[in-house]
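K.L.:
Sharing structure_22.txt, compact mmCIF, N, CA, C and O atoms:
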```txt
# COMPACT_ATOMS: atom_id res chain seq x y z
N MET A 1 71.42 115.82 -74.15
CA MET A 1 72.48 115.41 -73.23
C MET A 1 73.76 116.14 -73.58
O MET A 1 74.09 116.29 -74.75
N SER A 2 74.47 116.55 -72.57
CA SER A 2 75.72 117.25 -72.83
C SER A 2 76.84 116.23 -73.10
O SER A 2 76.72 115.05 -72.80
N GLY A 3 77.92 116.73 -73.66
CA GLY A 3 79.05 115.87 -73.99
C GLY A 3 79.67 115.21 -72.78
O GLY A 3 80.20 114.10 -72.86
N ASN A 4 79.61 115.89 -71.64
CA ASN A 4 80.18 115.32 -70.42
C ASN A 4 79.44 114.06 -69.99
O ASN A 4 80.05 113.06 -69.62
N ILE A 5 78.13 114.12 -70.06
CA ILE A 5 77.33 112.97 -69.64
C ILE A 5 77.50 111.82 -70.62
O ILE A 5 77.63 110.66 -70.21
N ILE A 6 77.52 112.13 -71.91
CA ILE A 6 77.72 111.08 -72.92
C ILE A 6 79.08 110.42 -72.73
O ILE A 6 79.20 109.19 -72.79
N GLY A 7 80.10 111.22 -72.47
CA GLY A 7 81.44 110.67 -72.23
C GLY A 7 81.47 109.75 -71.03
O GLY A 7 82.06 108.66 -71.07
N PHE A 8 80.81 110.16 -69.95
CA PHE A 8 80.78 109.32 -68.76
C PHE A 8 79.98 108.05 -69.00
O PHE A 8 80.35 106.98 -68.52
N VAL A 9 78.87 108.14 -69.73
CA VAL A 9 78.06 106.96 -70.01
C VAL A 9 78.87 105.95 -70.82
O VAL A 9 78.84 104.74 -70.52
N ILE A 10 79.60 106.40 -71.81
CA ILE A 10 80.46 105.50 -72.59
C ILE A 10 81.52 104.88 -71.69
O ILE A 10 81.79 103.67 -71.75
N TRP A 11 82.15 105.69 -70.85
CA TRP A 11 83.16 105.22 -69.90
C TRP A 11 82.56 104.15 -68.97
O TRP A 11 83.16 103.11 -68.73
N ALA A 12 81.36 104.42 -68.46
CA ALA A 12 80.70 103.49 -67.55
C ALA A 12 80.30 102.19 -68.26
O ALA A 12 80.37 101.11 -67.67
N ILE A 13 79.90 102.28 -69.53
CA ILE A 13 79.55 101.09 -70.29
C ILE A 13 80.77 100.19 -70.43
O ILE A 13 80.68 98.96 -70.28
N VAL A 14 81.93 100.77 -70.70
CA VAL A 14 83.16 99.98 -70.77
C VAL A 14 83.43 99.32 -69.41
O VAL A 14 83.80 98.14 -69.35
N GLY A 15 83.23 100.05 -68.33
CA GLY A 15 83.41 99.47 -67.00
C GLY A 15 82.45 98.32 -66.74
O GLY A 15 82.84 97.29 -66.18
N VAL A 16 81.21 98.45 -67.17
CA VAL A 16 80.22 97.39 -66.99
C VAL A 16 80.59 96.17 -67.83
O VAL A 16 80.41 95.02 -67.39
N ILE A 17 81.11 96.39 -69.02
CA ILE A 17 81.56 95.27 -69.86
C ILE A 17 82.68 94.51 -69.17
O ILE A 17 82.69 93.27 -69.14
N ILE A 18 83.62 95.23 -68.58
CA ILE A 18 84.72 94.58 -67.87
C ILE A 18 84.20 93.83 -66.65
O ILE A 18 84.63 92.71 -66.35
N ILE A 19 83.24 94.41 -65.95
CA ILE A 19 82.63 93.72 -64.80
C ILE A 19 81.94 92.44 -65.26
O ILE A 19 82.05 91.40 -64.62
N SER A 20 81.23 92.51 -66.39
CA SER A 20 80.54 91.30 -66.88
C SER A 20 81.54 90.23 -67.32
O SER A 20 81.28 89.03 -67.14
N ILE A 21 82.67 90.63 -67.87
CA ILE A 21 83.73 89.65 -68.18
C ILE A 21 84.22 88.99 -66.90
O ILE A 21 84.46 87.79 -66.85
N GLY A 22 84.37 89.78 -65.85
CA GLY A 22 84.79 89.24 -64.56
C GLY A 22 83.78 88.27 -63.97
O GLY A 22 84.14 87.22 -63.44
N ILE A 23 82.50 88.61 -64.08
CA ILE A 23 81.46 87.71 -63.56
C ILE A 23 81.45 86.41 -64.36
O ILE A 23 81.33 85.32 -63.80
N ARG A 24 81.59 86.54 -65.67
CA ARG A 24 81.63 85.33 -66.52
C ARG A 24 82.84 84.47 -66.17
O ARG A 24 82.74 83.24 -66.09
N ALA A 25 83.99 85.09 -65.95
CA ALA A 25 85.19 84.34 -65.57
C ALA A 25 85.01 83.68 -64.21
O ALA A 25 85.45 82.55 -64.00
N TYR A 26 84.38 84.38 -63.27
CA TYR A 26 84.18 83.86 -61.92
C TYR A 26 83.39 82.56 -61.92
O TYR A 26 83.70 81.63 -61.18
N PHE A 27 82.38 82.48 -62.76
CA PHE A 27 81.52 81.30 -62.79
C PHE A 27 81.88 80.29 -63.87
O PHE A 27 81.20 79.27 -64.01
N SER A 28 82.94 80.54 -64.63
CA SER A 28 83.32 79.64 -65.72
C SER A 28 83.92 78.35 -65.17
O SER A 28 84.66 78.34 -64.19
N ARG A 29 83.60 77.25 -65.82
CA ARG A 29 84.17 75.96 -65.45
C ARG A 29 85.43 75.66 -66.27
O ARG A 29 86.23 74.84 -65.86
N LYS A 30 85.55 76.31 -67.42
CA LYS A 30 86.74 76.15 -68.25
C LYS A 30 87.76 77.22 -67.86
O LYS A 30 87.40 78.30 -67.41
N LEU A 31 89.01 76.93 -68.06
CA LEU A 31 90.09 77.84 -67.71
C LEU A 31 89.99 79.13 -68.51
O LEU A 31 89.88 79.10 -69.73
N VAL A 32 90.00 80.26 -67.82
CA VAL A 32 89.93 81.57 -68.49
C VAL A 32 91.33 82.16 -68.60
O VAL A 32 92.22 81.83 -67.82
N GLY A 33 91.50 83.02 -69.56
CA GLY A 33 92.79 83.66 -69.76
C GLY A 33 92.77 85.09 -69.24
O GLY A 33 91.73 85.74 -69.18
N PHE A 34 93.92 85.57 -68.88
CA PHE A 34 94.05 86.95 -68.43
C PHE A 34 94.60 87.82 -69.55
O PHE A 34 94.09 88.88 -69.84
N TRP A 35 95.67 87.35 -70.19
CA TRP A 35 96.31 88.10 -71.26
C TRP A 35 95.61 87.82 -72.58
O TRP A 35 95.19 86.70 -72.85
N ALA A 36 95.51 88.81 -73.43
CA ALA A 36 94.85 88.65 -74.73
C ALA A 36 95.76 87.88 -75.68
O ALA A 36 96.98 88.08 -75.70
N ASN A 37 95.17 86.98 -76.45
CA ASN A 37 95.85 86.22 -77.50
C ASN A 37 96.97 85.33 -77.00
O ASN A 37 97.91 85.02 -77.73
N ILE A 38 96.92 84.94 -75.74
CA ILE A 38 97.91 84.02 -75.17
C ILE A 38 97.13 82.92 -74.47
O ILE A 38 96.15 83.17 -73.78
N LYS A 39 97.60 81.68 -74.63
CA LYS A 39 96.95 80.57 -73.95
C LYS A 39 97.07 80.75 -72.44
O LYS A 39 98.09 81.21 -71.94
N PRO A 40 96.02 80.36 -71.71
CA PRO A 40 96.10 80.46 -70.24
C PRO A 40 97.18 79.51 -69.70
O PRO A 40 97.49 78.49 -70.30
N ILE A 41 97.72 79.88 -68.56
CA ILE A 41 98.74 79.05 -67.94
C ILE A 41 98.11 77.76 -67.43
O ILE A 41 96.93 77.74 -67.09
N PRO A 42 98.86 76.66 -67.38
CA PRO A 42 98.32 75.45 -66.76
C PRO A 42 98.21 75.64 -65.25
O PRO A 42 99.16 76.11 -64.61
N VAL A 43 97.03 75.32 -64.70
CA VAL A 43 96.81 75.54 -63.27
C VAL A 43 96.31 74.27 -62.60
O VAL A 43 95.78 73.37 -63.25
N ASN A 44 96.52 74.20 -61.29
CA ASN A 44 96.05 73.07 -60.49
C ASN A 44 94.57 73.19 -60.15
O ASN A 44 93.81 72.26 -60.29
N ASP A 45 94.17 74.35 -59.68
CA ASP A 45 92.81 74.60 -59.21
C ASP A 45 92.11 75.56 -60.18
O ASP A 45 92.23 76.78 -60.05
N ILE A 46 91.39 75.02 -61.15
CA ILE A 46 90.76 75.86 -62.18
C ILE A 46 89.71 76.78 -61.57
O ILE A 46 89.66 77.97 -61.89
N MET A 47 88.88 76.26 -60.70
CA MET A 47 87.81 77.08 -60.11
C MET A 47 88.39 78.23 -59.27
O MET A 47 87.92 79.36 -59.36
N GLY A 48 89.41 77.94 -58.47
CA GLY A 48 90.03 78.98 -57.66
C GLY A 48 90.70 80.04 -58.52
O GLY A 48 90.60 81.25 -58.25
N TYR A 49 91.38 79.61 -59.57
CA TYR A 49 92.04 80.53 -60.49
C TYR A 49 91.00 81.42 -61.18
O TYR A 49 91.18 82.63 -61.26
N ASN A 50 89.93 80.81 -61.69
CA ASN A 50 88.90 81.58 -62.38
C ASN A 50 88.24 82.59 -61.44
O ASN A 50 87.95 83.71 -61.84
N ARG A 51 88.03 82.19 -60.19
CA ARG A 51 87.44 83.12 -59.23
C ARG A 51 88.38 84.29 -58.94
O ARG A 51 87.93 85.43 -58.83
N ALA A 52 89.65 84.01 -58.82
CA ALA A 52 90.62 85.09 -58.56
C ALA A 52 90.68 86.06 -59.74
O ALA A 52 90.68 87.28 -59.55
N VAL A 53 90.73 85.52 -60.96
CA VAL A 53 90.77 86.38 -62.14
C VAL A 53 89.45 87.14 -62.27
O VAL A 53 89.44 88.34 -62.60
N GLY A 54 88.33 86.49 -61.99
CA GLY A 54 87.04 87.15 -62.05
C GLY A 54 86.93 88.30 -61.07
O GLY A 54 86.47 89.40 -61.42
N LYS A 55 87.38 88.08 -59.84
CA LYS A 55 87.36 89.16 -58.84
C LYS A 55 88.24 90.32 -59.29
O LYS A 55 87.88 91.49 -59.11
N LEU A 56 89.39 90.01 -59.87
CA LEU A 56 90.30 91.04 -60.34
C LEU A 56 89.64 91.91 -61.41
O LEU A 56 89.73 93.14 -61.37
N PHE A 57 88.94 91.28 -62.34
CA PHE A 57 88.25 92.04 -63.39
C PHE A 57 87.09 92.86 -62.83
O PHE A 57 86.88 94.00 -63.25
N VAL A 58 86.34 92.31 -61.88
CA VAL A 58 85.23 93.06 -61.30
C VAL A 58 85.75 94.28 -60.55
O VAL A 58 85.22 95.39 -60.70
N ILE A 59 86.79 94.10 -59.76
CA ILE A 59 87.38 95.24 -59.04
C ILE A 59 87.90 96.28 -60.01
O ILE A 59 87.71 97.48 -59.82
N TYR A 60 88.55 95.83 -61.08
CA TYR A 60 89.06 96.75 -62.11
C TYR A 60 87.92 97.56 -62.72
O TYR A 60 88.03 98.77 -62.88
N GLY A 61 86.82 96.89 -63.05
CA GLY A 61 85.69 97.59 -63.66
C GLY A 61 85.06 98.61 -62.73
O GLY A 61 84.71 99.72 -63.15
N VAL A 62 84.91 98.26 -61.46
CA VAL A 62 84.32 99.19 -60.49
C VAL A 62 85.21 100.41 -60.31
O VAL A 62 84.73 101.55 -60.33
N ILE A 63 86.51 100.19 -60.16
CA ILE A 63 87.43 101.32 -60.00
C ILE A 63 87.46 102.16 -61.27
O ILE A 63 87.54 103.39 -61.21
N LEU A 64 87.36 101.53 -62.43
CA LEU A 64 87.34 102.26 -63.69
C LEU A 64 86.14 103.21 -63.74
O LEU A 64 86.28 104.38 -64.13
N ILE A 65 84.98 102.73 -63.33
CA ILE A 65 83.79 103.59 -63.32
C ILE A 65 83.97 104.74 -62.33
O ILE A 65 83.64 105.89 -62.63
N ILE A 66 84.53 104.46 -61.17
CA ILE A 66 84.76 105.51 -60.17
C ILE A 66 85.74 106.56 -60.71
O ILE A 66 85.54 107.76 -60.52
N LEU A 67 86.78 106.10 -61.41
CA LEU A 67 87.74 107.04 -61.97
C LEU A 67 87.15 107.89 -63.09
O LEU A 67 87.70 108.93 -63.44
N GLY A 68 86.04 107.47 -63.65
CA GLY A 68 85.38 108.24 -64.69
C GLY A 68 84.49 109.35 -64.18
O GLY A 68 84.03 110.20 -64.95
N LEU A 69 84.22 109.37 -62.89
CA LEU A 69 83.34 110.39 -62.32
C LEU A 69 83.78 111.84 -62.60
O LEU A 69 82.93 112.70 -62.82
N PRO A 70 85.09 112.14 -62.62
CA PRO A 70 85.48 113.53 -62.94
C PRO A 70 85.05 113.98 -64.34
O PRO A 70 85.01 115.19 -64.60
N LEU A 71 84.69 113.07 -65.21
CA LEU A 71 84.19 113.47 -66.53
C LEU A 71 82.89 114.26 -66.43
O LEU A 71 82.56 115.06 -67.31
N LEU A 72 82.15 114.04 -65.35
CA LEU A 72 80.89 114.75 -65.16
C LEU A 72 81.10 116.21 -64.78
O LEU A 72 80.18 117.02 -64.88
N LEU A 73 82.32 116.57 -64.35
CA LEU A 73 82.59 117.94 -63.90
C LEU A 73 82.83 118.90 -65.05
O LEU A 73 82.78 120.10 -64.86
N GLY A 74 83.12 118.39 -66.22
CA GLY A 74 83.34 119.27 -67.37
C GLY A 74 84.69 119.04 -68.01
O GLY A 74 85.58 118.41 -67.45
N LYS A 75 84.82 119.57 -69.24
CA LYS A 75 86.05 119.37 -70.01
C LYS A 75 87.25 120.07 -69.40
O LYS A 75 88.37 119.61 -69.53
N ASN A 76 87.04 121.16 -68.76
CA ASN A 76 88.15 121.95 -68.23
C ASN A 76 88.48 121.63 -66.77
O ASN A 76 89.25 122.34 -66.14
N SER A 77 87.91 120.57 -66.27
CA SER A 77 88.16 120.19 -64.89
C SER A 77 89.59 119.65 -64.74
O SER A 77 90.04 118.83 -65.54
N PRO A 78 90.32 120.11 -63.72
CA PRO A 78 91.67 119.58 -63.51
C PRO A 78 91.67 118.13 -63.03
O PRO A 78 92.68 117.45 -63.06
N PHE A 79 90.51 117.63 -62.64
CA PHE A 79 90.41 116.26 -62.14
C PHE A 79 90.39 115.23 -63.26
O PHE A 79 90.49 114.04 -63.01
N ILE A 80 90.24 115.66 -64.51
CA ILE A 80 90.26 114.72 -65.63
C ILE A 80 91.64 114.07 -65.73
O ILE A 80 91.75 112.90 -66.07
N LEU A 81 92.67 114.82 -65.41
CA LEU A 81 94.02 114.25 -65.37
C LEU A 81 94.09 113.11 -64.37
O LEU A 81 94.75 112.10 -64.61
N LEU A 82 93.36 113.23 -63.27
CA LEU A 82 93.28 112.16 -62.27
C LEU A 82 92.69 110.90 -62.89
O LEU A 82 93.15 109.79 -62.60
N SER A 83 91.69 111.06 -63.73
CA SER A 83 91.08 109.91 -64.39
C SER A 83 92.08 109.20 -65.29
O SER A 83 92.21 107.97 -65.24
N VAL A 84 92.77 109.96 -66.10
CA VAL A 84 93.72 109.36 -67.05
C VAL A 84 94.87 108.68 -66.32
O VAL A 84 95.20 107.52 -66.59
N LEU A 85 95.47 109.37 -65.38
CA LEU A 85 96.58 108.78 -64.62
C LEU A 85 96.09 107.60 -63.76
O LEU A 85 96.78 106.60 -63.62
N GLY A 86 94.88 107.74 -63.22
CA GLY A 86 94.33 106.66 -62.40
C GLY A 86 94.13 105.38 -63.19
O GLY A 86 94.44 104.29 -62.71
N VAL A 87 93.65 105.49 -64.42
CA VAL A 87 93.46 104.30 -65.26
C VAL A 87 94.80 103.67 -65.61
O VAL A 87 94.94 102.44 -65.61
N MET A 88 95.79 104.49 -65.90
CA MET A 88 97.12 103.94 -66.21
C MET A 88 97.69 103.20 -65.01
O MET A 88 98.18 102.07 -65.14
N ILE A 89 97.60 103.80 -63.85
CA ILE A 89 98.11 103.16 -62.62
C ILE A 89 97.31 101.91 -62.29
O ILE A 89 97.88 100.87 -61.92
N GLU A 90 95.99 101.99 -62.45
CA GLU A 90 95.14 100.84 -62.16
C GLU A 90 95.45 99.66 -63.08
O GLU A 90 95.52 98.51 -62.65
N THR A 91 95.67 99.94 -64.35
CA THR A 91 95.99 98.88 -65.31
C THR A 91 97.31 98.21 -64.99
O THR A 91 97.41 96.98 -65.00
N ILE A 92 98.31 99.00 -64.66
CA ILE A 92 99.61 98.44 -64.27
C ILE A 92 99.45 97.63 -62.98
O ILE A 92 100.03 96.55 -62.84
N ALA A 93 98.65 98.13 -62.06
CA ALA A 93 98.45 97.44 -60.77
C ALA A 93 97.81 96.07 -60.96
O ALA A 93 98.23 95.10 -60.32
N ILE A 94 96.80 95.95 -61.85
CA ILE A 94 96.19 94.63 -62.00
C ILE A 94 97.13 93.65 -62.69
O ILE A 94 97.10 92.46 -62.41
N MET A 95 98.00 94.16 -63.57
CA MET A 95 98.99 93.27 -64.19
C MET A 95 99.98 92.77 -63.15
O MET A 95 100.36 91.60 -63.16
N VAL A 96 100.38 93.64 -62.24
CA VAL A 96 101.30 93.25 -61.17
C VAL A 96 100.63 92.26 -60.23
O VAL A 96 101.23 91.23 -59.86
N VAL A 97 99.39 92.53 -59.84
CA VAL A 97 98.67 91.62 -58.94
C VAL A 97 98.53 90.25 -59.60
O VAL A 97 98.75 89.22 -58.97
N TYR A 98 98.17 90.23 -60.88
CA TYR A 98 98.02 88.95 -61.56
C TYR A 98 99.35 88.20 -61.61
O TYR A 98 99.41 87.02 -61.28
N SER A 99 100.41 88.88 -62.02
CA SER A 99 101.71 88.21 -62.18
C SER A 99 102.31 87.76 -60.86
O SER A 99 102.86 86.66 -60.77
N LEU A 100 102.24 88.60 -59.84
CA LEU A 100 102.91 88.29 -58.58
C LEU A 100 102.10 87.40 -57.66
O LEU A 100 102.68 86.63 -56.88
N PHE A 101 100.79 87.49 -57.72
CA PHE A 101 99.98 86.74 -56.76
C PHE A 101 99.17 85.62 -57.40
O PHE A 101 99.32 84.47 -57.01
N ILE A 102 98.33 85.95 -58.35
CA ILE A 102 97.43 84.93 -58.91
C ILE A 102 98.20 83.88 -59.69
O ILE A 102 98.03 82.68 -59.48
N GLU A 103 99.04 84.33 -60.61
CA GLU A 103 99.79 83.37 -61.44
C GLU A 103 100.70 82.50 -60.59
O GLU A 103 100.78 81.29 -60.80
N ARG A 104 101.39 83.09 -59.63
CA ARG A 104 102.29 82.29 -58.78
C ARG A 104 101.53 81.31 -57.90
O ARG A 104 102.00 80.21 -57.64
N LYS A 105 100.36 81.71 -57.43
CA LYS A 105 99.60 80.84 -56.53
C LYS A 105 99.01 79.65 -57.25
O LYS A 105 99.02 78.54 -56.73
N TYR A 106 98.51 79.85 -58.47
CA TYR A 106 97.77 78.78 -59.14
C TYR A 106 98.53 78.06 -60.25
O TYR A 106 98.03 77.10 -60.79
N LYS A 107 99.74 78.53 -60.57
CA LYS A 107 100.49 77.90 -61.66
C LYS A 107 100.86 76.46 -61.29
O LYS A 107 101.32 76.19 -60.20
N GLU A 108 100.65 75.57 -62.27
CA GLU A 108 100.95 74.17 -62.05
C GLU A 108 102.46 73.98 -61.94
O GLU A 108 103.21 74.45 -62.79
N GLN A 109 102.88 73.31 -60.91
CA GLN A 109 104.33 73.12 -60.67
C GLN A 109 104.83 71.86 -61.32
O GLN A 109 104.30 70.85 -61.31
```
Here is the file; what I need is its structure written in the form of structure tokens.

P.N.:
Amino acid sequence: MSGNIIGFVIWAIVGVIIISIGIRAYFSRKLVGFWANIKPIPVNDIMGYNRAVGKLFVIYGVILIILGLPLLLGKNSPFILLSVLGVMIETIAIMVVYSLFIERKYKEQ
């Protein structure tokens, strides 16, 4: 196997792990957290909150795998920059979506 394929496989495995975290959060009955090492916010609708966070993680994982596709083109491909910038933008975007929409919608008043 060439280094390009190994790199993409590792990238895709990380995406699948994130997708599985999202699926686990979607079906969890206990309150799940979004931020690492911070207690989850108190919410009114635990199931709705968990489903929203789960969907967010699944979408993040799928887009992460798609952004890794340029790794298959080779080390000197100009599209690898697209992968790196895409992941940075995607990560910031999910933090914004969580803070502005999910947290505000489900936070206990």

K.L.:
For segment 23-27 of chain A, please output as a VMD selection string all residues within 8 Å (counting only C-alpha atoms; exclusion window: fewer than 4 positions along the same chain).

P.N.:
chain A and resid 19 32 47 50 to 55 58

K.L.:
Write down as a ChimeraX atom specification the residues belonging to chain A that are assigned alpha helix (DSSP H) by DSSP computed on the backbone.

P.N.:
/A:3-27,46-67,80-97,103-106

K.L.:
With only C-alpha atoms as the counted atoms, please give the residues lying no more than 12 Å from Gly74 of chain A, apart from itself and same-chain residues fewer than 2 positions off, as a list of chain:residue names.

P.N.:
A:Ser2, A:Gly3, A:Asn4, A:Ile5, A:Ile6, A:Gly7, A:Phe8, A:Gly68, A:Leu69, A:Pro70, A:Leu71, A:Leu72, A:Asn76, A:Ser77, A:Pro78, A:Phe79, A:Ile80, A:Leu81

K.L.:
May I have the residues within 7 Å of Leu64 of chain A as a ChimeraX atom specification, using only N, CA, C and O atoms and disregarding those fewer than 3 positions away in the same chain?

P.N.:
/A:11-12,15,58-61,67-69,87

K.L.:
Only N, CA, C and O atoms, please: the residues just picked out, written as a short mmCIF file (atom, residue, chain, number, x, y, z; two decimals), in the coordinates of the input.

P.N.:
```cif
data_model
loop_
_atom_site.label_atom_id
_atom_site.label_comp_id
_atom_site.auth_asym_id
_atom_site.auth_seq_id
_atom_site.Cartn_x
_atom_site.Cartn_y
_atom_site.Cartn_z
N TRP A 11 82.15 105.69 -70.85
CA TRP A 11 83.16 105.22 -69.90
C TRP A 11 82.56 104.15 -68.97
O TRP A 11 83.16 103.11 -68.73
N ALA A 12 81.36 104.42 -68.46
CA ALA A 12 80.70 103.49 -67.55
C ALA A 12 80.30 102.19 -68.26
O ALA A 12 80.37 101.11 -67.67
N GLY A 15 83.23 100.05 -68.33
CA GLY A 15 83.41 99.47 -67.00
C GLY A 15 82.45 98.32 -66.74
O GLY A 15 82.84 97.29 -66.18
N VAL A 58 86.34 92.31 -61.88
CA VAL A 58 85.23 93.06 -61.30
C VAL A 58 85.75 94.28 -60.55
O VAL A 58 85.22 95.39 -60.70
N ILE A 59 86.79 94.10 -59.76
CA ILE A 59 87.38 95.24 -59.04
C ILE A 59 87.90 96.28 -60.01
O ILE A 59 87.71 97.48 -59.82
N TYR A 60 88.55 95.83 -61.08
CA TYR A 60 89.06 96.75 -62.11
C TYR A 60 87.92 97.56 -62.72
O TYR A 60 88.03 98.77 -62.88
N GLY A 61 86.82 96.89 -63.05
CA GLY A 61 85.69 97.59 -63.66
C GLY A 61 85.06 98.61 -62.73
O GLY A 61 84.71 99.72 -63.15
N LEU A 67 86.78 106.10 -61.41
CA LEU A 67 87.74 107.04 -61.97
C LEU A 67 87.15 107.89 -63.09
O LEU A 67 87.70 108.93 -63.44
N GLY A 68 86.04 107.47 -63.65
CA GLY A 68 85.38 108.24 -64.69
C GLY A 68 84.49 109.35 -64.18
O GLY A 68 84.03 110.20 -64.95
N LEU A 69 84.22 109.37 -62.89
CA LEU A 69 83.34 110.39 -62.32
C LEU A 69 83.78 111.84 -62.60
O LEU A 69 82.93 112.70 -62.82
N VAL A 87 93.65 105.49 -64.42
CA VAL A 87 93.46 104.30 -65.26
C VAL A 87 94.80 103.67 -65.61
O VAL A 87 94.94 102.44 -65.61
#
```

K.L.:
Which residue is closest to Val62 of chain A? Choose from A:Ile94, A:Gly86, A:Lys75, A:Ile18 and count all atoms listed in the file.

P.N.:
A:Ile18

K.L.:
Can you tell me how far atom CA of Ile66 of chain A sits from atom N of Ser28 of chain A, in Å to one decimal?

P.N.:
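Computed distance, atom CA of Ile66 of chain A to atom N of Ser28 of chain A, equals 25.4 Å.
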
K.L.:
Considering all atoms listed in the file, return as number ranges by chain whatever protein or nucleic-acid residues lie within 4.5 Å of Glu108 of chain A, sequence-local ones (same chain, fewer than 6 positions apart) excluded.

P.N.:
A: 42-44
